Each structure stands twice: as structure tokens, then as C-alpha cells.
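S.K.: Sending over structure-v8.cif (mmCIF, C-alpha atoms).
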data_data
#
loop_
_atom_site.group_PDB
_atom_site.id
_atom_site.type_symbol
_atom_site.label_atom_id
_atom_site.label_comp_id
_atom_site.auth_asym_id
_atom_site.auth_seq_id
_atom_site.Cartn_x
_atom_site.Cartn_y
_atom_site.Cartn_z
ATOM 1 C CA MET Y 127 90.647 65.244 56.239
ATOM 2 C CA SER Y 128 87.076 64.036 56.604
ATOM 3 C CA TYR Y 129 85.150 62.169 53.915
ATOM 4 C CA GLU Y 130 82.969 65.221 53.249
ATOM 5 C CA GLU Y 131 85.969 67.565 52.997
ATOM 6 C CA LYS Y 132 87.577 65.262 50.451
ATOM 7 C CA GLY Y 133 84.296 65.246 48.526
ATOM 8 C CA THR Y 134 84.270 69.046 48.551
ATOM 9 C CA TRP Y 135 87.792 69.139 47.077
ATOM 10 C CA VAL Y 136 86.772 66.713 44.340
ATOM 11 C CA TYR Y 137 83.605 68.694 43.561
ATOM 12 C CA LEU Y 138 85.561 71.956 43.366
ATOM 13 C CA VAL Y 139 88.114 70.497 40.955
ATOM 14 C CA THR Y 140 85.584 68.723 38.719
ATOM 15 C CA SER Y 141 83.187 71.703 38.581
ATOM 16 C CA ALA Y 142 85.947 74.146 37.687
ATOM 17 C CA GLY Y 143 87.580 71.645 35.304
ATOM 18 C CA ALA Y 144 84.369 70.843 33.442
ATOM 19 C CA TYR Y 145 83.588 74.532 32.982
ATOM 20 C CA ALA Y 146 87.128 75.241 31.800
ATOM 21 C CA VAL Y 147 86.737 72.546 29.117
ATOM 22 C CA TYR Y 148 83.314 73.926 28.146
ATOM 23 C CA LEU Y 149 84.663 77.464 27.956
ATOM 24 C CA ALA Y 150 87.694 76.435 25.874
ATOM 25 C CA ILE Y 151 85.486 74.671 23.310
ATOM 26 C CA VAL Y 152 82.739 77.286 23.132
ATOM 27 C CA VAL Y 153 85.026 80.323 23.102
ATOM 28 C CA GLY Y 154 87.018 78.612 20.329
ATOM 29 C CA ARG Y 155 83.834 78.287 18.258
ATOM 30 C CA LEU Y 156 82.744 81.815 19.137
ATOM 31 C CA LEU Y 157 85.890 83.210 17.552
ATOM 32 C CA SER Y 158 84.864 81.947 14.133
ATOM 33 C CA THR Y 159 81.053 81.781 14.370
ATOM 34 C CA PRO Y 160 78.374 84.347 15.358
ATOM 35 C CA ALA Y 161 76.930 83.607 18.839
ATOM 36 C CA PRO Y 162 73.405 82.603 17.655
ATOM 37 C CA GLU Y 163 74.938 79.906 15.426
ATOM 38 C CA VAL Y 164 77.386 78.478 17.955
ATOM 39 C CA SER Y 165 76.564 74.875 18.870
ATOM 40 C CA TYR Y 166 76.892 74.985 22.652
ATOM 41 C CA VAL Y 167 74.092 72.734 23.915
ATOM 42 C CA PRO Y 168 75.799 69.342 23.342
ATOM 43 C CA VAL Y 169 79.035 70.688 24.891
ATOM 44 C CA LEU Y 170 77.166 72.050 27.906
ATOM 45 C CA VAL Y 171 75.248 68.819 28.457
ATOM 46 C CA TRP Y 172 78.290 66.604 27.997
ATOM 47 C CA THR Y 173 80.600 68.638 30.221
ATOM 48 C CA ALA Y 174 77.926 68.787 32.944
ATOM 49 C CA PHE Y 175 77.419 65.018 32.643
ATOM 50 C CA ALA Y 176 81.174 64.381 32.608
ATOM 51 C CA SER Y 177 81.504 66.517 35.736
ATOM 52 C CA ILE Y 178 79.012 64.298 37.588
ATOM 53 C CA ILE Y 179 80.850 61.135 36.510
ATOM 54 C CA ALA Y 180 84.247 62.659 37.350
ATOM 55 C CA THR Y 181 82.996 63.662 40.812
ATOM 56 C CA THR Y 182 81.812 60.124 41.520
ATOM 57 C CA VAL Y 183 85.015 58.536 40.222
ATOM 58 C CA GLY Y 184 87.153 61.168 41.962
ATOM 59 C CA ARG Y 185 85.551 60.443 45.326
ATOM 60 C CA VAL Y 186 86.174 56.721 44.917
ATOM 61 C CA VAL Y 187 89.801 57.281 43.896
ATOM 62 C CA PHE Y 188 90.465 59.771 46.718
ATOM 63 C CA GLU Y 189 88.854 57.445 49.242
ATOM 64 C CA THR Y 190 90.887 54.489 48.005
ATOM 65 C CA ALA Y 191 94.122 56.479 48.232
ATOM 66 C CA ARG Y 192 93.318 58.027 51.619
ATOM 67 C CA PRO Y 193 90.543 56.115 53.392
ATOM 68 C CA SER Y 194 88.368 58.026 55.874
ATOM 69 C CA ASP Y 195 87.508 56.854 59.394
ATOM 70 C CA SER Y 196 83.825 57.345 58.612
ATOM 71 C CA ARG Y 197 81.755 58.147 55.544
ATOM 72 C CA ARG Y 198 78.863 59.651 57.467
ATOM 73 C CA ALA Y 199 78.420 63.441 57.454
ATOM 74 C CA ASP Y 200 78.298 64.748 61.023
ATOM 75 C CA ALA Y 201 76.857 67.968 62.480
ATOM 76 C CA ARG Y 202 79.941 70.012 61.530
ATOM 77 C CA ASP Y 203 79.939 68.723 57.939
ATOM 78 C CA LYS Y 204 76.251 69.644 57.607
ATOM 79 C CA GLU Y 205 76.781 73.132 59.085
ATOM 80 C CA ILE Y 206 79.724 73.782 56.775
ATOM 81 C CA SER Y 207 77.745 72.547 53.777
ATOM 82 C CA ARG Y 208 74.809 74.836 54.612
ATOM 83 C CA PHE Y 209 77.169 77.762 55.186
ATOM 84 C CA GLY Y 210 78.943 77.357 51.828
ATOM 85 C CA GLU Y 211 75.782 76.912 49.807
ATOM 86 C CA HIS Y 212 74.029 79.789 51.556
ATOM 87 C CA ALA Y 213 76.954 82.207 51.223
ATOM 88 C CA ALA Y 214 77.424 81.431 47.513
ATOM 89 C CA ARG Y 215 73.718 81.602 46.634
ATOM 90 C CA TRP Y 216 74.166 85.133 45.265
ATOM 91 C CA PHE Y 217 75.873 83.688 42.195
ATOM 92 C CA ILE Y 218 72.692 81.752 41.382
ATOM 93 C CA VAL Y 219 70.655 84.907 41.941
ATOM 94 C CA ALA Y 220 73.038 86.914 39.750
ATOM 95 C CA GLY Y 221 73.002 84.285 36.969
ATOM 96 C CA ALA Y 222 69.210 84.009 36.986
ATOM 97 C CA SER Y 223 68.786 87.800 37.117
ATOM 98 C CA ALA Y 224 71.211 88.266 34.238
ATOM 99 C CA GLY Y 225 69.339 85.610 32.238
ATOM 100 C CA LEU Y 226 66.019 87.304 32.989
ATOM 101 C CA ALA Y 227 67.328 90.715 31.977
ATOM 102 C CA MET Y 228 68.772 89.273 28.748
ATOM 103 C CA ALA Y 229 65.454 87.579 27.926
ATOM 104 C CA MET Y 230 63.562 90.841 28.520
ATOM 105 C CA VAL Y 231 65.734 92.689 26.026
ATOM 106 C CA LYS Y 232 65.537 89.718 23.618
ATOM 107 C CA TRP Y 233 69.184 88.637 23.669
ATOM 108 C CA ASP Y 234 70.002 85.396 21.920
ATOM 109 C CA TYR Y 235 69.405 82.117 23.766
ATOM 110 C CA PHE Y 236 73.159 81.513 23.683
ATOM 111 C CA TRP Y 237 73.856 84.390 26.060
ATOM 112 C CA ILE Y 238 70.894 83.629 28.332
ATOM 113 C CA ALA Y 239 71.870 79.968 28.704
ATOM 114 C CA ASN Y 240 75.497 80.852 29.315
ATOM 115 C CA ALA Y 241 74.691 83.496 31.925
ATOM 116 C CA ILE Y 242 72.593 80.978 33.872
ATOM 117 C CA TYR Y 243 75.181 78.216 33.463
ATOM 118 C CA LEU Y 244 77.929 80.543 34.680
ATOM 119 C CA GLY Y 245 75.805 81.361 37.736
ATOM 120 C CA PHE Y 246 75.525 77.655 38.559
ATOM 121 C CA VAL Y 247 79.252 77.073 38.056
ATOM 122 C CA LEU Y 248 80.240 80.060 40.202
ATOM 123 C CA TRP Y 249 77.829 78.900 42.894
ATOM 124 C CA ALA Y 250 79.425 75.436 42.856
ATOM 125 C CA VAL Y 251 83.005 76.710 42.799
ATOM 126 C CA ALA Y 252 82.587 79.568 45.302
ATOM 127 C CA GLY Y 253 80.445 77.399 47.579
ATOM 128 C CA SER Y 254 83.074 74.644 47.589
ATOM 129 C CA ALA Y 255 85.895 77.131 48.184
ATOM 130 C CA LEU Y 256 84.023 78.693 51.122
ATOM 131 C CA LYS Y 257 83.375 75.247 52.590
ATOM 132 C CA LEU Y 258 87.080 74.402 52.365
ATOM 133 C CA VAL Y 259 87.995 77.667 54.101
ATOM 134 C CA ALA Y 260 85.469 76.822 56.832
ATOM 135 C CA TYR Y 261 86.962 73.325 57.204
ATOM 136 C CA ARG Y 262 90.447 74.803 57.600
ATOM 137 C CA ARG Y 263 89.805 78.006 59.582
ATOM 138 C CA GLY Y 264 86.584 77.159 61.329
ATOM 139 C CA LEU Y 265 83.018 78.364 61.198
ATOM 140 C CA MET U 25 98.068 80.678 68.439
ATOM 141 C CA ALA U 26 98.446 84.073 66.769
ATOM 142 C CA LYS U 27 95.656 83.307 64.303
ATOM 143 C CA SER U 28 92.260 84.681 65.362
ATOM 144 C CA LYS U 29 89.755 81.947 66.145
ATOM 145 C CA PRO U 30 86.147 81.979 65.045
ATOM 146 C CA THR U 31 84.983 81.421 68.644
ATOM 147 C CA ARG U 32 85.955 82.712 72.085
ATOM 148 C CA LEU U 33 84.872 79.424 73.577
ATOM 149 C CA THR U 34 87.797 77.463 74.955
ATOM 150 C CA ASN U 35 87.865 73.928 76.266
ATOM 151 C CA SER U 36 89.835 71.401 78.252
ATOM 152 C CA ILE U 37 88.887 68.380 76.192
ATOM 153 C CA ARG U 38 92.448 67.352 75.459
ATOM 154 C CA ALA U 39 93.464 67.368 79.138
ATOM 155 C CA LEU U 40 90.233 65.652 80.174
ATOM 156 C CA ARG U 41 90.715 62.923 77.546
ATOM 157 C CA PHE U 42 94.103 62.098 79.009
ATOM 158 C CA ALA U 43 92.611 62.158 82.494
ATOM 159 C CA SER U 44 89.954 59.706 81.277
ATOM 160 C CA GLY U 45 92.351 56.831 80.719
ATOM 161 C CA GLU U 46 94.180 58.265 77.707
ATOM 162 C CA MET U 47 91.009 58.383 75.642
ATOM 163 C CA THR U 48 91.831 58.960 71.969
ATOM 164 C CA GLN U 49 90.179 61.529 69.721
ATOM 165 C CA ALA U 50 88.773 58.647 67.681
ATOM 166 C CA GLN U 51 87.196 57.063 70.772
ATOM 167 C CA LEU U 52 85.616 60.350 71.835
ATOM 168 C CA ALA U 53 84.412 60.947 68.289
ATOM 169 C CA GLU U 54 82.786 57.537 68.135
ATOM 170 C CA SER U 55 81.129 58.048 71.525
ATOM 171 C CA ILE U 56 79.428 61.264 70.445
ATOM 172 C CA GLY U 57 78.762 60.261 66.825
ATOM 173 C CA VAL U 58 81.034 62.667 64.964
ATOM 174 C CA THR U 59 84.191 62.356 62.878
ATOM 175 C CA ARG U 60 87.650 62.547 64.439
ATOM 176 C CA GLN U 61 88.211 65.741 62.428
ATOM 177 C CA THR U 62 85.301 67.363 64.254
ATOM 178 C CA VAL U 63 86.797 66.482 67.646
ATOM 179 C CA ILE U 64 90.112 67.979 66.473
ATOM 180 C CA ALA U 65 88.320 71.146 65.295
ATOM 181 C CA ILE U 66 86.532 71.489 68.658
ATOM 182 C CA GLU U 67 89.749 70.951 70.621
ATOM 183 C CA GLN U 68 91.537 73.589 68.522
ATOM 184 C CA GLY U 69 88.700 76.112 68.887
ATOM 185 C CA ARG U 70 87.832 76.025 65.194
ATOM 186 C CA TYR U 71 84.297 74.765 65.801
ATOM 187 C CA SER U 72 81.767 75.476 68.523
ATOM 188 C CA PRO U 73 79.680 72.359 69.117
ATOM 189 C CA SER U 74 75.933 72.543 69.638
ATOM 190 C CA LEU U 75 74.725 72.603 73.221
ATOM 191 C CA GLU U 76 73.587 69.021 72.877
ATOM 192 C CA MET U 77 76.978 67.889 71.581
ATOM 193 C CA ALA U 78 78.700 69.820 74.381
ATOM 194 C CA PHE U 79 76.618 67.934 76.949
ATOM 195 C CA GLN U 80 77.429 64.641 75.218
ATOM 196 C CA ILE U 81 81.157 65.411 75.412
ATOM 197 C CA ALA U 82 80.892 66.296 79.107
ATOM 198 C CA ARG U 83 78.971 63.101 79.782
ATOM 199 C CA VAL U 84 81.535 60.930 77.983
ATOM 200 C CA LEU U 85 84.361 62.650 79.889
ATOM 201 C CA LYS U 86 82.347 62.244 83.123
ATOM 202 C CA VAL U 87 82.665 65.884 84.224
ATOM 203 C CA PRO U 88 80.249 68.857 84.446
ATOM 204 C CA LEU U 89 79.829 70.957 81.315
ATOM 205 C CA ASP U 90 81.649 73.984 82.748
ATOM 206 C CA GLU U 91 84.735 71.902 83.382
ATOM 207 C CA VAL U 92 84.914 71.102 79.684
ATOM 208 C CA PHE U 93 84.010 74.445 78.101
ATOM 209 C CA HIS U 94 84.953 77.931 79.250
ATOM 210 C CA TYR U 95 83.858 81.373 78.105
ATOM 211 C CA PRO U 96 85.959 84.397 79.143
ATOM 212 C CA ASP U 97 84.327 86.825 81.591
ATOM 213 C CA GLY U 98 83.186 90.159 80.174
ATOM 214 C CA GLU U 99 83.599 89.050 76.547
ATOM 215 C CA GLY U 100 80.652 89.660 74.267
ATOM 216 C CA GLU U 101 78.854 91.873 76.836
ATOM 217 C CA GLN U 102 77.688 95.218 75.542
#
So that I can check it, write out the structure of this file as C-alpha cells.

M.R.:
Amino acid sequence: MSYEEKGTWVYLVTSAGAYAVYLAIVVGRLLSTPAPEVSYVPVLVWTAFASIIATTVGRVVFETARPSDSRRADARDKEISRFGEHAARWFIVAGASAGLAMAMVKWDYFWIANAIYLGFVLWAVAGSALKLVAYRRGL
Amino acid sequence: MAKSKPTRLTNSIRALRFASGEMTQAQLAESIGVTRQTVIAIEQGRYSPSLEMAFQIARVLKVPLDEVFHYPDGEGEQ
């Protein structure tokens, strides 16, 4: 497994994990509080920040456990990265479009922010999954 | 090899490596500036290299390009 493929695995796990934590906390609050009053911003910021830290630490740990021959991304790594991000871009488009539509009909900020955040998370998770399929099955 | 491959391009890299003094995948990878995993993917037909990389591989193996890579006749013609 190349250095970049390991990084993709780590990114997939941390992105999905961070969102799962965010969702568990926010949905828990949503059950007892109306959406406009739910405090989601600190949770969103902290889980996003924790995801970045976890990705960095995860890469170091993975690399220590299973060292790579090289840490430089080659032509195949770059093609796979472009493929995954391009193929998953529709989640960003969908999240932004949903946010725009919600803003136009004056939905609460809570829903707009969460629609856009979900778009980013799905882009990260689907993009990483597609990259891993490309690493395993080929481009 | 029942699994369909993403490319119809085939190659003789593995045989040519052994003919070139038992060259390892790691040595070939280092010579052309890619990871060993990329050489493995090319050998297994999971990745089609760029034309430039194909020429680099042929040069390292000291054979013409069409001795390294093969494309089946009639395939892809409409």
C-alpha cells in the first residue's frame, strides 16, 4: 500500500468518524431542543478541527506501523486523487444547492449550515472511497 | 484473471525485468520515479501509464516500446 493510499484510508476514517461524533451530539440536542436554539457551531468547529488533527496523527501512526518505500505522490497517485475528487464533486454541488434553496425560503441557519456541512462530509467520504476503489481495481 | 480490467493494454514488463538481470519492481520504480505499487499496478493491468512513462519503462528495460506494451488487434475500432 502506497503512502498516499494509506493517507486516503486515514482521511476516510477520520472524516466519517468526526461527522458521526458531530451527528450523535447534535441529533441528541435536537431531540430536546428546537432546531433554531440548538448549539451546533462549537461542535461543528471542534469536530472539524479534531478531524484534521486525527488525520495528521493517523498518518504518522500508520506510517510508523507500516513504513512506505516513498512518501512522494507519483503520477498514479495524482490521477487517482483527481478522479476521486472530481467524481464526488456532486456532493458539494448538492450541499451548496440545498443550502441556497433553504436560504431562499428563509429556513433557519441551523439547517443551511448542516446541509452545506453534510455536502462537504459526503464529498470527503465518497471521494476517499472512490479513490480506494481506484487503487484496488484500477483507473 | 476473471476480473475485468480497466484497460485492454497488456505488457511484458515482468518478463523483461527478469531478462534485465532480475531487476526488481522497486528498482524499476526508482528508475522511472514512481512508487513500487504503481509498477505493480501497471504489471497487473490495473493502470495505464502515460506515454512518457511508457517510454521511460522501455528505455530502462532497453527494448522498443512495442516489446513492452501490447494492444490487441481490432479492439476499440468502430

S.K.: What do you get, as a VMD selection string, if you spell out every residue that the PyMOL selection byres ((chain U and resi 54-67) around 7) selects here?

M.R.: (chain Y and resid 127 to 128 196 200 202) or (chain U and resid 35 37 to 38 49 to 53 68 to 73 80 to 81)

S.K.: Check which residues satisfy the PyMOL selection byres ((chain U and resi 93) around 9) in the file shown, then give them as a ChimeraX atom specification.

M.R.: /U:33-37,78,82,89-92,94-95

S.K.: Take CA of Phe188 (chain Y) and CA of Tyr148 (chain Y) and report the distance between them in Å, one decimal.

M.R.: 24.4 Å

S.K.: Given the point (83.1, 79.4, 23.1) in the coordinates of this file, which residues lie within 12 Å, counting all atoms listed in the file, and how would they look as a PyMOL selection string?

M.R.: chain Y and resi 145-167+169-170+236-237+240

S.K.: Have a look at Y:Ala260, Y:Val136, Y:Ala222, Y:Met230 and name the one nearest to Thr182 (chain Y); count all atoms listed in the file.

M.R.: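 Answer, going by the shortest atom-to-atom distance: Y:Val136.
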
S.K.: Using the partial input, fill out region 151-162 of chain Y with N, CA, C and O atoms; write the result as a short mmCIF file (atom, residue, chain, number, x, y, z; two decimals), in the coordinates of the input.

M.R.:
data_model
loop_
_atom_site.label_atom_id
_atom_site.label_comp_id
_atom_site.auth_asym_id
_atom_site.auth_seq_id
_atom_site.Cartn_x
_atom_site.Cartn_y
_atom_site.Cartn_z
N ILE Y 151 86.13 75.11 24.56
CA ILE Y 151 85.49 74.67 23.31
C ILE Y 151 84.58 75.77 22.74
O ILE Y 151 84.66 76.12 21.56
N VAL Y 152 83.73 76.32 23.61
CA VAL Y 152 82.74 77.29 23.13
C VAL Y 152 83.38 78.61 22.71
O VAL Y 152 83.01 79.19 21.68
N VAL Y 153 84.35 79.07 23.48
CA VAL Y 153 85.03 80.32 23.10
C VAL Y 153 85.77 80.12 21.78
O VAL Y 153 85.78 81.00 20.92
N GLY Y 154 86.35 78.94 21.59
CA GLY Y 154 87.02 78.61 20.33
C GLY Y 154 86.06 78.72 19.15
O GLY Y 154 86.40 79.28 18.10
N ARG Y 155 84.84 78.22 19.33
CA ARG Y 155 83.83 78.29 18.26
C ARG Y 155 83.34 79.72 18.06
O ARG Y 155 83.04 80.14 16.94
N LEU Y 156 83.26 80.44 19.18
CA LEU Y 156 82.74 81.82 19.14
C LEU Y 156 83.66 82.74 18.35
O LEU Y 156 83.22 83.75 17.79
N LEU Y 157 84.93 82.38 18.28
CA LEU Y 157 85.89 83.21 17.55
C LEU Y 157 85.66 83.18 16.04
O LEU Y 157 86.01 84.12 15.33
N SER Y 158 85.05 82.08 15.59
CA SER Y 158 84.86 81.95 14.13
C SER Y 158 83.40 81.91 13.71
O SER Y 158 83.10 81.87 12.52
N THR Y 159 82.48 81.90 14.69
CA THR Y 159 81.05 81.78 14.37
C THR Y 159 80.25 82.81 15.18
O THR Y 159 80.55 83.03 16.35
N PRO Y 160 79.23 83.43 14.58
CA PRO Y 160 78.37 84.35 15.36
C PRO Y 160 77.66 83.59 16.50
O PRO Y 160 77.30 82.41 16.33
N ALA Y 161 77.49 84.25 17.64
CA ALA Y 161 76.93 83.61 18.84
C ALA Y 161 75.64 82.81 18.59
O ALA Y 161 75.53 81.67 19.06
N PRO Y 162 74.66 83.36 17.84
CA PRO Y 162 73.40 82.60 17.66
C PRO Y 162 73.60 81.27 16.93
O PRO Y 162 72.76 80.38 17.02
#
